[in-house]
file start_6.cif (mmCIF, C-alpha atoms)
data_run
loop_
_atom_site.label_atom_id
_atom_site.label_comp_id
_atom_site.auth_asym_id
_atom_site.auth_seq_id
_atom_site.Cartn_x
_atom_site.Cartn_y
_atom_site.Cartn_z
CA MET Y 1 0.00 0.00 0.00
CA ASP Y 2 1.22 3.52 -0.78
CA ALA Y 3 0.85 6.40 1.61
CA VAL Y 4 -2.00 8.78 0.82
CA GLU Y 5 -0.99 12.39 0.18
CA VAL Y 6 -2.82 14.20 2.95
CA GLY Y 7 -1.92 16.56 5.77
CA LEU Y 8 -0.34 15.23 8.95
CA GLN Y 9 -3.12 16.35 11.30
CA ALA Y 10 -5.80 14.69 9.16
CA ARG Y 11 -3.76 11.47 9.21
CA VAL Y 12 -3.31 11.66 12.98
CA ARG Y 13 -7.07 12.05 13.44
CA MET Y 14 -7.68 9.04 11.18
CA ALA Y 15 -5.11 7.04 13.15
CA HIS Y 16 -7.01 7.82 16.36
CA ALA Y 17 -10.27 6.84 14.67
CA THR Y 18 -8.77 3.55 13.47
CA LEU Y 19 -7.44 2.66 16.91
CA GLY Y 20 -10.71 3.68 18.55
CA SER Y 21 -12.72 1.57 16.10
CA LEU Y 22 -10.50 -1.44 16.68
CA ALA Y 23 -10.88 -1.06 20.43
CA THR Y 24 -14.65 -0.71 20.26
CA GLU Y 25 -15.08 -3.62 17.85
CA HIS Y 26 -12.95 -5.93 19.98
CA ARG Y 27 -14.06 -4.63 23.40
CA LEU Y 28 -10.63 -3.35 24.38
CA ASP Y 29 -10.29 -0.52 26.87
CA LEU Y 30 -8.37 2.28 25.19
CA LEU Y 31 -8.01 5.92 26.17
CA HIS Y 32 -7.01 8.52 23.60
CA VAL Y 33 -4.57 11.06 25.01
CA LYS Y 34 -2.81 14.18 23.73
CA GLY Y 35 -3.20 15.75 20.28
CA PRO Y 36 -6.76 15.90 18.94
CA ALA Y 37 -8.00 13.97 21.99
CA LEU Y 38 -7.19 16.92 24.28
CA ASP Y 39 -10.05 19.09 25.44
CA PRO Y 40 -9.66 22.56 23.83
CA ALA Y 41 -10.35 24.05 27.27
CA LEU Y 42 -6.88 22.81 28.22
CA THR Y 43 -4.99 23.73 25.10
CA GLY Y 44 -6.62 27.13 24.63
CA GLU Y 45 -5.86 26.91 20.94
CA GLY Y 46 -8.50 24.74 19.28
CA GLU Y 47 -7.28 21.32 18.26
CA ARG Y 48 -3.79 20.44 19.50
CA SER Y 49 -1.46 19.44 16.68
CA SER Y 50 0.46 16.21 17.02
CA SER Y 51 2.90 14.13 15.04
CA ASP Y 52 1.35 10.80 16.07
CA ALA Y 53 -1.72 9.27 17.70
CA ASP Y 54 -1.17 8.64 21.41
CA VAL Y 55 -3.30 6.05 23.15
CA LEU Y 56 -3.20 4.40 26.57
CA ILE Y 57 -4.32 0.76 26.57
CA ARG Y 58 -5.44 -1.24 29.59
CA PRO Y 59 -2.27 -3.21 30.46
CA GLY Y 60 -4.14 -6.52 30.32
CA HIS Y 61 -5.27 -5.72 26.77
CA VAL Y 62 -1.86 -4.87 25.30
CA ASP Y 63 -1.21 -8.25 23.67
CA ARG Y 64 -4.62 -8.36 22.00
CA LEU Y 65 -4.29 -4.85 20.64
CA VAL Y 66 -0.78 -5.52 19.35
CA SER Y 67 -2.07 -8.60 17.46
CA LEU Y 68 -4.85 -6.50 15.94
CA LEU Y 69 -2.45 -3.74 14.93
CA VAL Y 70 -0.20 -6.19 13.14
CA ALA Y 71 -3.21 -7.74 11.38
CA HIS Y 72 -4.23 -4.25 10.19
CA HIS Y 73 -0.87 -3.37 8.63
CA TRP Y 74 0.63 -1.46 11.56
CA ARG Y 75 4.35 -2.21 11.81
CA LEU Y 76 6.45 -1.96 14.96
CA VAL Y 77 8.99 0.88 14.88
CA THR Y 78 10.17 0.93 18.51
CA GLY Y 79 9.25 -1.67 21.12
CA PHE Y 80 8.31 -1.02 24.74
CA ALA Y 81 11.73 -1.95 26.10
CA ARG Y 82 13.51 0.42 23.71
CA GLY Y 83 11.12 3.38 23.74
CA SER Y 84 12.24 5.35 26.79
CA ALA Y 85 13.65 5.10 30.30
CA PHE Y 86 10.10 4.36 31.44
CA GLU Y 87 9.60 1.53 28.91
CA HIS Y 88 6.06 2.80 28.69
CA ALA Y 89 5.27 3.01 24.99
CA ALA Y 90 5.74 1.19 21.72
CA ASN Y 91 5.66 3.06 18.43
CA TYR Y 92 3.85 1.68 15.39
CA ARG Y 93 3.53 2.96 11.84
CA HIS Y 94 0.69 2.49 9.38
CA PRO Y 95 1.31 3.03 5.65
CA HIS Y 96 -1.63 5.48 5.43
CA TRP Y 97 -2.24 6.83 8.91
CA GLY Y 98 1.36 7.30 10.03
CA TYR Y 99 2.60 6.84 13.59
CA ALA Y 100 0.85 5.74 16.77
CA ASP Y 101 2.30 5.63 20.27
CA LEU Y 102 0.82 2.75 22.20
CA HIS Y 103 1.22 3.45 25.94
CA ARG Y 104 0.91 0.62 28.44
CA SER Y 105 1.53 3.04 31.31
CA PHE Y 106 1.96 6.78 31.72
CA PRO Y 107 5.28 8.11 33.04
CA GLY Y 108 4.82 9.78 36.39
CA LEU Y 109 1.94 7.61 37.62
CA THR Y 110 3.68 5.27 40.06
CA VAL Y 111 0.77 3.16 41.29
CA PRO Y 112 0.64 -0.16 39.40
CA ALA Y 113 -0.24 0.49 35.76
CA ALA Y 114 -3.43 -1.59 35.95
CA ASP Y 115 -4.64 0.40 38.98
CA ALA Y 116 -3.81 3.70 37.29
CA PHE Y 117 -5.72 2.63 34.19
CA ASP Y 118 -8.70 1.51 36.29
CA ALA Y 119 -8.85 4.93 37.92
CA LEU Y 120 -8.57 6.82 34.61
CA TRP Y 121 -11.06 4.51 32.90
CA ALA Y 122 -13.62 4.81 35.69
CA ASP Y 123 -13.83 8.58 35.16
CA ARG Y 124 -13.51 8.57 31.37
CA ALA Y 125 -15.38 10.83 28.98
CA THR Y 126 -15.85 10.57 25.22
CA THR Y 127 -15.01 12.78 22.30
CA ARG Y 128 -15.32 12.42 18.55
CA ILE Y 129 -12.19 12.25 16.45
CA ALA Y 130 -12.72 12.04 12.68
CA HIS Y 131 -16.40 11.54 13.58
CA VAL Y 132 -15.63 8.36 15.53
CA GLU Y 133 -16.46 8.17 19.22
CA CYS Y 134 -13.28 7.78 21.27
CA ALA Y 135 -12.82 7.33 25.03
CA VAL Y 136 -10.67 10.00 26.68
CA PRO Y 137 -9.67 10.68 30.30
CA SER Y 138 -11.83 13.07 32.30
CA LEU Y 139 -10.97 16.76 32.01
CA LEU Y 140 -9.26 16.60 35.41
CA ASP Y 141 -7.17 13.59 34.35
CA GLN Y 142 -6.34 15.20 31.01
CA GLY Y 143 -5.00 18.16 32.93
CA LEU Y 144 -2.90 15.92 35.15
CA LEU Y 145 -1.52 13.90 32.21
CA LEU Y 146 -0.72 17.12 30.36
CA LEU Y 147 1.26 18.35 33.37
CA LEU Y 148 3.09 15.03 33.77
CA HIS Y 149 4.00 15.10 30.10
CA ALA Y 150 5.19 18.69 30.44
CA ALA Y 151 7.43 17.54 33.30
CA ARG Y 152 9.37 15.39 30.83
CA ASP Y 153 9.86 18.29 28.44
CA GLY Y 154 10.10 21.21 30.83
CA ARG Y 155 12.27 23.42 28.64
CA SER Y 156 10.01 23.44 25.59
CA THR Y 157 7.66 26.29 24.75
CA ARG Y 158 4.76 23.87 24.50
CA ALA Y 159 5.43 22.42 27.97
CA GLN Y 160 5.54 25.91 29.46
CA HIS Y 161 2.27 26.75 27.69
CA ASP Y 162 0.68 23.55 29.01
CA VAL Y 163 1.73 24.27 32.60
CA ARG Y 164 0.30 27.76 32.26
CA ARG Y 165 -3.05 26.47 30.91
CA ALA Y 166 -3.42 23.36 33.04
CA TRP Y 167 -2.11 24.83 36.30
CA GLU Y 168 -1.35 28.53 36.54
CA GLU Y 169 -4.62 29.67 34.97
CA GLN Y 170 -6.72 27.19 36.96
CA PRO Y 171 -8.68 28.27 40.04
CA ALA Y 172 -7.49 27.11 43.47
CA SER Y 173 -10.23 24.46 43.61
CA ALA Y 174 -8.99 22.87 40.36
CA ARG Y 175 -5.37 22.93 41.53
CA SER Y 176 -6.41 21.28 44.76
CA ALA Y 177 -8.28 18.58 42.81
CA LEU Y 178 -5.21 18.03 40.62
CA ARG Y 179 -2.93 17.61 43.64
CA GLU Y 180 -5.40 15.19 45.22
CA ARG Y 181 -5.65 13.17 42.01
CA ALA Y 182 -1.84 13.14 41.67
CA ASP Y 183 -1.53 11.87 45.25
CA GLY Y 184 -4.04 9.10 44.54
CA LEU Y 185 -2.10 7.96 41.47
CA GLY Y 186 1.35 8.28 43.01
CA ALA Y 187 2.24 11.19 40.77
CA GLU Y 188 3.35 13.71 43.39
CA VAL Y 189 7.01 13.76 42.27
CA ALA Y 190 6.27 14.07 38.56
CA LEU Y 191 3.73 16.81 39.24
CA ALA Y 192 6.30 18.57 41.40
CA ALA Y 193 8.72 18.41 38.46
CA ALA Y 194 6.15 20.09 36.22
CA LEU Y 195 5.54 22.81 38.81
CA GLY Y 196 9.19 23.43 39.72
CA GLU Y 197 8.71 21.99 43.21
CA LEU Y 198 11.14 19.07 43.06
CA GLY Y 199 12.99 20.43 46.08
CA ARG Y 200 10.14 19.10 48.22
CA HIS Y 201 10.95 15.56 47.10
CA ALA Y 202 14.76 15.56 47.21
CA ASP Y 203 14.83 12.20 49.02
CA ASP Y 204 12.68 10.43 46.46
CA ARG Y 205 14.67 7.96 44.34
CA THR Y 206 13.04 9.29 41.15
CA ALA Y 207 13.63 13.00 41.89
CA ALA Y 208 16.94 13.16 40.00
CA LEU Y 209 15.40 11.52 36.94
CA TRP Y 210 12.54 14.04 36.91
CA ARG Y 211 15.04 16.83 37.39
CA TYR Y 212 16.95 15.57 34.36
CA TYR Y 213 13.77 15.44 32.25
CA SER Y 214 12.45 18.82 33.39
CA GLU Y 215 15.74 20.74 33.45
CA GLY Y 216 18.07 18.79 31.15
CA GLY Y 217 21.60 17.50 31.70
CA SER Y 218 24.32 15.33 30.22
CA ARG Y 219 24.03 11.70 29.19
CA LEU Y 220 25.90 10.81 32.36
CA ASP Y 221 23.40 12.79 34.45
CA GLU Y 222 20.64 10.79 32.80
CA LEU Y 223 22.38 7.47 33.43
CA ARG Y 224 23.02 8.29 37.10
CA ALA Y 225 19.43 9.43 37.55
CA ARG Y 226 18.09 6.29 35.88
CA VAL Y 227 20.25 4.05 38.08
CA ARG Y 228 19.09 5.92 41.18
CA ALA Y 229 15.45 5.67 40.11
CA ALA Y 230 15.60 1.91 39.47
CA PRO Y 231 13.71 0.22 42.32
CA THR Y 232 15.99 -2.81 42.99
CA PRO Y 233 19.74 -3.58 42.83
CA ARG Y 234 19.09 -5.91 39.92
CA ALA Y 235 17.19 -3.20 38.05
CA LYS Y 236 20.00 -0.72 38.74
CA LEU Y 237 22.51 -3.11 37.17
CA ARG Y 238 20.33 -3.58 34.12
CA VAL Y 239 19.95 0.20 33.68
CA ALA Y 240 23.70 0.70 34.00
CA ALA Y 241 24.38 -2.00 31.40
CA ASP Y 242 21.73 -0.61 29.02
CA GLY Y 243 23.13 2.88 29.41
CA LEU Y 244 26.03 2.15 27.11
CA ARG Y 245 24.07 -0.02 24.71
CA VAL Y 246 23.06 1.28 21.29
CA ASN Y 247 19.41 1.05 20.32
CA PRO Y 248 19.32 -0.34 16.74
CA GLU Y 249 15.81 1.11 16.18
CA TYR Y 250 17.01 4.63 16.98
CA VAL Y 251 19.98 4.20 14.66
CA ALA Y 252 17.61 3.05 11.90
CA MET Y 253 15.43 6.14 12.42
CA ALA Y 254 18.47 8.41 12.43
CA ILE Y 255 19.99 7.10 9.22
CA GLY Y 256 16.74 6.24 7.45
CA HIS Y 257 17.39 2.54 6.87
CA GLU Y 258 18.20 -0.67 8.71
CA PRO Y 259 21.75 -0.22 10.03
CA SER Y 260 24.47 -2.53 8.78
CA VAL Y 261 26.85 -4.26 11.18
CA ALA Y 262 29.45 -1.57 10.43
CA GLU Y 263 26.97 1.27 11.06
CA LEU Y 264 25.92 -0.26 14.38
CA ALA Y 265 29.57 -0.62 15.39
CA GLN Y 266 30.13 3.04 14.50
CA ALA Y 267 27.09 4.06 16.59
CA ARG Y 268 28.44 2.04 19.55
CA ARG Y 269 31.83 3.76 19.27
CA GLU Y 270 30.16 7.19 19.24
CA ARG Y 271 27.96 6.34 22.19
CA ARG Y 272 30.98 5.17 24.22
CA ARG Y 273 32.91 8.28 23.17
CA ASN Y 274 30.04 10.55 24.28
CA ALA Y 275 29.72 8.74 27.60
CA LEU Y 276 33.48 8.88 28.18
CA GLY Y 277 33.41 12.57 27.30
CA ASP Y 278 30.79 13.10 29.99
CA VAL Y 279 32.94 11.18 32.49
CA ARG Y 280 36.03 13.23 31.55
CA ASP Y 281 34.02 16.46 32.00
CA LEU Y 282 32.85 15.23 35.38
CA VAL Y 283 36.38 14.33 36.54
CA ARG Y 284 37.77 17.66 35.28
CA SER Y 285 35.07 19.67 37.04
CA ARG Y 286 35.72 17.79 40.30
CA LEU Y 287 39.48 18.29 39.99
CA ARG Y 288 38.94 21.99 39.36
CA GLY Y 289 36.74 22.10 42.46
CA ARG Y 290 39.50 20.51 44.59
CA THR Y 291 42.29 22.78 43.39
CA ARG Y 292 40.34 25.97 44.07
CA MET U 1 -33.52 13.00 6.98
CA THR U 2 -30.32 13.79 5.07
CA TYR U 3 -27.50 11.79 3.57
CA ALA U 4 -25.22 10.47 6.32
CA ALA U 5 -21.75 9.03 6.57
CA ALA U 6 -22.02 5.25 6.99
CA PRO U 7 -21.80 4.26 10.68
CA ASP U 8 -18.43 2.57 10.18
CA VAL U 9 -16.86 5.50 8.32
CA ALA U 10 -14.32 7.89 9.79
CA TRP U 11 -13.88 11.14 7.94
CA THR U 12 -12.14 14.44 8.39
CA VAL U 13 -11.43 17.62 6.49
CA ASP U 14 -7.78 17.97 5.50
CA GLU U 15 -7.13 21.57 6.47
CA SER U 16 -3.56 21.43 5.15
CA THR U 17 -4.82 21.96 1.61
CA GLU U 18 -5.95 25.24 0.07
CA ALA U 19 -9.69 25.98 0.18
CA PRO U 20 -11.83 24.28 -0.96
CA GLN U 21 -10.25 21.64 1.25
CA SER U 22 -10.25 17.93 0.59
CA VAL U 23 -11.98 15.30 2.72
CA LEU U 24 -10.28 12.09 3.85
CA LEU U 25 -12.44 9.12 4.68
CA ALA U 26 -12.22 5.38 5.20
CA ARG U 27 -14.32 2.53 6.46
CA MET U 28 -13.15 1.51 9.89
CA PRO U 29 -11.10 -0.14 11.09
CA GLY U 30 -9.23 -1.43 8.04
CA GLY U 31 -10.68 0.25 4.96
CA GLU U 32 -8.59 1.84 2.25
CA PRO U 33 -8.38 5.63 2.42
CA VAL U 34 -10.43 7.70 0.02
CA VAL U 35 -9.51 11.31 -0.68
CA LEU U 36 -12.24 13.56 -2.03
CA PRO U 37 -10.54 16.60 -3.52
CA ALA U 38 -12.04 20.11 -3.74
CA SER U 39 -15.43 19.82 -5.50
CA ALA U 40 -16.00 16.20 -4.46
CA ALA U 41 -15.29 17.22 -0.87
CA GLN U 42 -17.84 20.02 -1.18
CA ILE U 43 -20.40 17.56 -2.50
CA TRP U 44 -19.72 15.28 0.51
CA LEU U 45 -20.20 18.15 2.96
CA VAL U 46 -23.32 19.45 1.19
CA ALA U 47 -24.83 15.95 0.99
CA LEU U 48 -24.62 15.61 4.78
CA GLU U 49 -27.05 18.55 4.99
CA SER U 50 -29.29 17.60 2.04
CA ARG U 51 -32.41 15.45 1.87
CA ASP U 52 -31.94 14.13 -1.68
CA ALA U 53 -29.70 14.27 -4.73
CA GLY U 54 -31.75 17.09 -6.26
CA GLU U 55 -31.07 19.27 -3.21
CA VAL U 56 -27.34 18.50 -3.41
CA VAL U 57 -27.30 19.57 -7.06
CA ALA U 58 -29.21 22.78 -6.31
CA ARG U 59 -26.94 23.69 -3.40
CA MET U 60 -23.81 22.95 -5.41
CA ALA U 61 -25.15 25.15 -8.21
CA ASP U 62 -25.62 27.97 -5.68
CA LEU U 63 -22.15 27.46 -4.26
CA THR U 64 -20.29 27.26 -7.53
CA GLY U 65 -22.39 29.45 -9.82
CA GLU U 66 -22.52 26.56 -12.29
CA ASP U 67 -25.69 25.61 -14.12
CA ALA U 68 -27.65 22.91 -12.20
CA GLU U 69 -28.22 21.00 -15.41
CA THR U 70 -24.48 20.78 -15.99
CA LEU U 71 -23.83 19.59 -12.44
CA ASP U 72 -26.66 17.10 -12.26
CA ALA U 73 -25.00 14.04 -13.80
CA PRO U 74 -21.54 14.32 -12.15
CA VAL U 75 -23.04 15.06 -8.72
CA ARG U 76 -25.44 12.13 -8.92
CA ASP U 77 -22.62 9.87 -10.20
CA LEU U 78 -20.45 10.75 -7.22
CA LEU U 79 -23.28 10.28 -4.73
CA ASP U 80 -24.13 6.89 -6.27
CA ASP U 81 -20.46 5.89 -6.15
CA LEU U 82 -20.11 6.86 -2.48
CA VAL U 83 -23.32 5.04 -1.57
CA GLY U 84 -22.24 2.01 -3.61
CA ARG U 85 -18.92 1.85 -1.78
CA GLY U 86 -20.67 1.86 1.57
CA LEU U 87 -19.27 5.26 2.54
CA LEU U 88 -22.47 7.27 2.36
CA VAL U 89 -26.01 6.31 3.33
CA ALA U 90 -28.82 7.74 1.19
CA PRO U 91 -31.75 9.35 3.01
#

call {"tool": "encode", "arguments": {"input": "start_6.cif", "output": "structure tokens"}}
result
Amino acid sequence: MDAVEVGLQARVRMAHATLGSLATEHRLDLLHVKGPALDPALTGEGERSSSDADVLIRPGHVDRLVSLLVAHHWRLVTGFARGSAFEHAANYRHPHWGYADLHRSFPGLTVPAADAFDALWADRATTRIAHVECAVPSLLDQGLLLLLHAARDGRSTRAQHDVRRAWEEQPASARSALRERADGLGAEVALAAALGELGRHADDRTAALWRYYSEGGSRLDELRARVRAAPTPRAKLRVAADGLRVNPEYVAMAIGHEPSVAELAQARRERRRNALGDVRDLVRSRLRGRTR
Amino acid sequence: MTYAAAPDVAWTVDESTEAPQSVLLARMPGGEPVVLPASAAQIWLVALESRDAGEVVARMADLTGEDAETLDAPVRDLLDDLVGRGLLVAP
């Protein structure tokens, strides 16, 4: 099948509609998040543009949805384990509708993913995307998810806009409801990152990771934060080992084709060089500190 | 009662194109995409507010300034095609 020549936002809406239709037809619980699924009251700008269709699937329904996606010509681009430090989403591509991000959890919600989904699903609302009825989180939950997402991208203009709309411009009662909802879903630290309040959670093992996402830092900062955030010694070891590993799917996206053995080896060398550069910078800065 | 998009059809206006904009539609969840460019898109949008083919022709004549007699056959052909493909439901 060839891609249809249409605008990106129209394709994203059709991708949402396709995923929503599949979920309805097969009785899968699926929430549409971000992009055209966002309530305009939160974006303050009409429909929110997006480069892909983001959906959150009930964790127990992931395998069934993945099978359906494959049967309907969606192809895996990046798997859950390779997607991010949170291993929360897999990316799929359809020849006509483009990209979809399939979330099995939402970064920042630390209660078990199934419990978080239950809570979001229980309060869900509906909206129509491309004239297809789609389930979306409640307005309160959309606001919380928008803030948690902003926490991972705190330096961008869009994240700052989202914090302004979803928090700063909200009345005290809405802010209070957001904090209460965040507490119930174990999202206090991520919300604090969005609001610039991470100092209140300095002892939390995930605080450094949220600081990295909201304020930026070096690759070494990220690796240290990820190791600290890992819940068990075994998980810490795995994170440390993965930190220097090259993700073949990212290399493929970067160079536009499946990487050869030589290209992967080159990517590994560059990754090690970058990491070593970070270590050298760290050692130099500490030496400078001692000699002052 | 007007024409209606079939219950299993998703459709959206592609606002990235110059006006008159095209309409993108497909049967869900696995149908092939159909792009209705410019005039065909207008016919789709007008049909969703019209009670029969004659009304679609008359409205399109008003919109475009074309003679209704000239538009009659192509408009009816498109409506029949869309209905035949299961994308549009006749009133």

call {"tool": "axis_aligned_box", "arguments": {"input": "start_6.cif", "around": "segment 13-18 of chain U", "padding_each_side": "4 Å", "output": "JSON"}}
result
{"center_x": -7.5, "center_y": 21.4, "center_z": 3.3, "size_x": 15.9, "size_y": 15.6, "size_z": 14.4}

call {"tool": "closest_residue", "arguments": {"input": "start_6.cif", "among": "Y:Ala150, Y:Ala116, Y:Ala207, Y:Val62", "to": "Ala229 of chain Y", "atoms": "all atoms listed in the file"}}
result
Y:Ala207

call {"tool": "interface_residues", "arguments": {"input": "start_6.cif", "of": "chain U", "to": "chain Y", "cutoff": "12 Å", "atoms": "all atoms listed in the file", "output": "JSON, numbers by chain"}}
result
{"U": [4, 5, 6, 7, 8, 9, 10, 11, 12, 13, 14, 15, 16, 17, 18, 21, 22, 23, 24, 25, 26, 27, 28, 29, 30, 31, 32, 33, 34, 35, 36, 37]}

call {"tool": "resolve_selection", "arguments": {"input": "start_6.cif", "expression": "the PyMOL selection byres ((chain U and resi 61-65) around 12)", "output": "ChimeraX atom specification"}}
result
/U:20,38-39,42-43,45-46,54-60,66-72,75

call {"tool": "atom_distance", "arguments": {"input": "start_6.cif", "atom1": "atom CA of Glu188 of chain Y", "atom2": "atom CA of Ala166 of chain Y"}}
result
15.7 Å

call {"tool": "atom_distance", "arguments": {"input": "start_6.cif", "atom1": "atom CA of Arg51 of chain U", "atom2": "atom CA of Met1 of chain U"}}
result
5.8 Å

call {"tool": "atom_distance", "arguments": {"input": "start_6.cif", "atom1": "atom CA of Ala122 of chain Y", "atom2": "atom CA of Gly60 of chain Y"}}
result
15.7 Å

call {"tool": "resolve_selection", "arguments": {"input": "start_6.cif", "expression": "the PyMOL selection byres ((chain Y and resi 156-161) around 10)", "output": "short mmCIF file (atom, residue, chain, number, x, y, z; two decimals) with C-alpha atoms, keeping the file's coordinate frame"}}
result
data_model
loop_
_atom_site.label_atom_id
_atom_site.label_comp_id
_atom_site.auth_asym_id
_atom_site.auth_seq_id
_atom_site.Cartn_x
_atom_site.Cartn_y
_atom_site.Cartn_z
CA LEU Y 42 -6.88 22.81 28.22
CA THR Y 43 -4.99 23.73 25.10
CA GLY Y 44 -6.62 27.13 24.63
CA LEU Y 146 -0.72 17.12 30.36
CA LEU Y 147 1.26 18.35 33.37
CA LEU Y 148 3.09 15.03 33.77
CA HIS Y 149 4.00 15.10 30.10
CA ALA Y 150 5.19 18.69 30.44
CA ALA Y 151 7.43 17.54 33.30
CA ARG Y 152 9.37 15.39 30.83
CA ASP Y 153 9.86 18.29 28.44
CA GLY Y 154 10.10 21.21 30.83
CA ARG Y 155 12.27 23.42 28.64
CA ASP Y 162 0.68 23.55 29.01
CA VAL Y 163 1.73 24.27 32.60
CA ARG Y 164 0.30 27.76 32.26
CA ARG Y 165 -3.05 26.47 30.91
CA ALA Y 166 -3.42 23.36 33.04
CA TRP Y 167 -2.11 24.83 36.30
CA GLU Y 168 -1.35 28.53 36.54
CA ALA Y 194 6.15 20.09 36.22
CA LEU Y 195 5.54 22.81 38.81
CA SER Y 214 12.45 18.82 33.39
#

call {"tool": "closest_residue", "arguments": {"input": "start_6.cif", "among": "Y:Tyr212, Y:Glu169, Y:Arg205, Y:Phe106", "to": "Val227 of chain Y", "atoms": "all atoms listed in the file"}}
result
Y:Arg205

call {"tool": "residues_around", "arguments": {"input": "start_6.cif", "residues": "segment 81-84 of chain U", "least_positions_apart": "5", "cutoff": "9 Å", "atoms": "only C-alpha atoms", "output": "list in words"}}
result
Ala6, Trp44, Arg76, Val89 and Ala90 of chain U

call {"tool": "closest_residue", "arguments": {"input": "start_6.cif", "among": "Y:Arg228, Y:His32, Y:Arg64, Y:His26", "to": "Thr127 of chain Y", "atoms": "all atoms listed in the file"}}
result
Y:His32

call {"tool": "closest_residue", "arguments": {"input": "start_6.cif", "among": "Y:Ala37, Y:Ala135, Y:Leu144, Y:Ala53", "to": "Leu109 of chain Y", "atoms": "only C-alpha atoms"}}
result
Y:Leu144

call {"tool": "decode", "arguments": {"input": "start_6.cif", "residues": "segment 75-125 of chain Y", "atoms": "C-alpha atoms", "output": "PDB file, in the first residue's frame"}}
result
ATOM      1  CA  ARG Y  75       4.347  -2.206  11.811  1.00  0.00           C
ATOM      2  CA  LEU Y  76       6.454  -1.962  14.956  1.00  0.00           C
ATOM      3  CA  VAL Y  77       8.991   0.880  14.877  1.00  0.00           C
ATOM      4  CA  THR Y  78      10.166   0.933  18.505  1.00  0.00           C
ATOM      5  CA  GLY Y  79       9.250  -1.672  21.116  1.00  0.00           C
ATOM      6  CA  PHE Y  80       8.305  -1.016  24.741  1.00  0.00           C
ATOM      7  CA  ALA Y  81      11.735  -1.951  26.096  1.00  0.00           C
ATOM      8  CA  ARG Y  82      13.509   0.424  23.715  1.00  0.00           C
ATOM      9  CA  GLY Y  83      11.120   3.383  23.741  1.00  0.00           C
ATOM     10  CA  SER Y  84      12.239   5.351  26.792  1.00  0.00           C
ATOM     11  CA  ALA Y  85      13.654   5.096  30.299  1.00  0.00           C
ATOM     12  CA  PHE Y  86      10.100   4.357  31.439  1.00  0.00           C
ATOM     13  CA  GLU Y  87       9.604   1.530  28.907  1.00  0.00           C
ATOM     14  CA  HIS Y  88       6.063   2.805  28.694  1.00  0.00           C
ATOM     15  CA  ALA Y  89       5.265   3.012  24.986  1.00  0.00           C
ATOM     16  CA  ALA Y  90       5.744   1.190  21.717  1.00  0.00           C
ATOM     17  CA  ASN Y  91       5.658   3.056  18.431  1.00  0.00           C
ATOM     18  CA  TYR Y  92       3.848   1.675  15.392  1.00  0.00           C
ATOM     19  CA  ARG Y  93       3.527   2.964  11.838  1.00  0.00           C
ATOM     20  CA  HIS Y  94       0.692   2.489   9.377  1.00  0.00           C
ATOM     21  CA  PRO Y  95       1.306   3.030   5.653  1.00  0.00           C
ATOM     22  CA  HIS Y  96      -1.631   5.478   5.433  1.00  0.00           C
ATOM     23  CA  TRP Y  97      -2.236   6.831   8.908  1.00  0.00           C
ATOM     24  CA  GLY Y  98       1.362   7.304  10.026  1.00  0.00           C
ATOM     25  CA  TYR Y  99       2.597   6.840  13.589  1.00  0.00           C
ATOM     26  CA  ALA Y 100       0.848   5.741  16.766  1.00  0.00           C
ATOM     27  CA  ASP Y 101       2.304   5.631  20.268  1.00  0.00           C
ATOM     28  CA  LEU Y 102       0.822   2.747  22.198  1.00  0.00           C
ATOM     29  CA  HIS Y 103       1.223   3.449  25.936  1.00  0.00           C
ATOM     30  CA  ARG Y 104       0.908   0.624  28.442  1.00  0.00           C
ATOM     31  CA  SER Y 105       1.527   3.041  31.315  1.00  0.00           C
ATOM     32  CA  PHE Y 106       1.957   6.775  31.722  1.00  0.00           C
ATOM     33  CA  PRO Y 107       5.280   8.108  33.036  1.00  0.00           C
ATOM     34  CA  GLY Y 108       4.818   9.781  36.387  1.00  0.00           C
ATOM     35  CA  LEU Y 109       1.945   7.607  37.617  1.00  0.00           C
ATOM     36  CA  THR Y 110       3.677   5.268  40.065  1.00  0.00           C
ATOM     37  CA  VAL Y 111       0.766   3.164  41.289  1.00  0.00           C
ATOM     38  CA  PRO Y 112       0.635  -0.159  39.402  1.00  0.00           C
ATOM     39  CA  ALA Y 113      -0.238   0.487  35.759  1.00  0.00           C
ATOM     40  CA  ALA Y 114      -3.427  -1.588  35.949  1.00  0.00           C
ATOM     41  CA  ASP Y 115      -4.636   0.400  38.980  1.00  0.00           C
ATOM     42  CA  ALA Y 116      -3.812   3.704  37.288  1.00  0.00           C
ATOM     43  CA  PHE Y 117      -5.715   2.633  34.190  1.00  0.00           C
ATOM     44  CA  ASP Y 118      -8.696   1.511  36.290  1.00  0.00           C
ATOM     45  CA  ALA Y 119      -8.848   4.933  37.915  1.00  0.00           C
ATOM     46  CA  LEU Y 120      -8.570   6.817  34.614  1.00  0.00           C
ATOM     47  CA  TRP Y 121     -11.061   4.509  32.896  1.00  0.00           C
ATOM     48  CA  ALA Y 122     -13.623   4.812  35.692  1.00  0.00           C
ATOM     49  CA  ASP Y 123     -13.826   8.585  35.160  1.00  0.00           C
ATOM     50  CA  ARG Y 124     -13.514   8.574  31.368  1.00  0.00           C
ATOM     51  CA  ALA Y 125     -15.384  10.831  28.978  1.00  0.00           C
TER      52      ALA Y 125
END
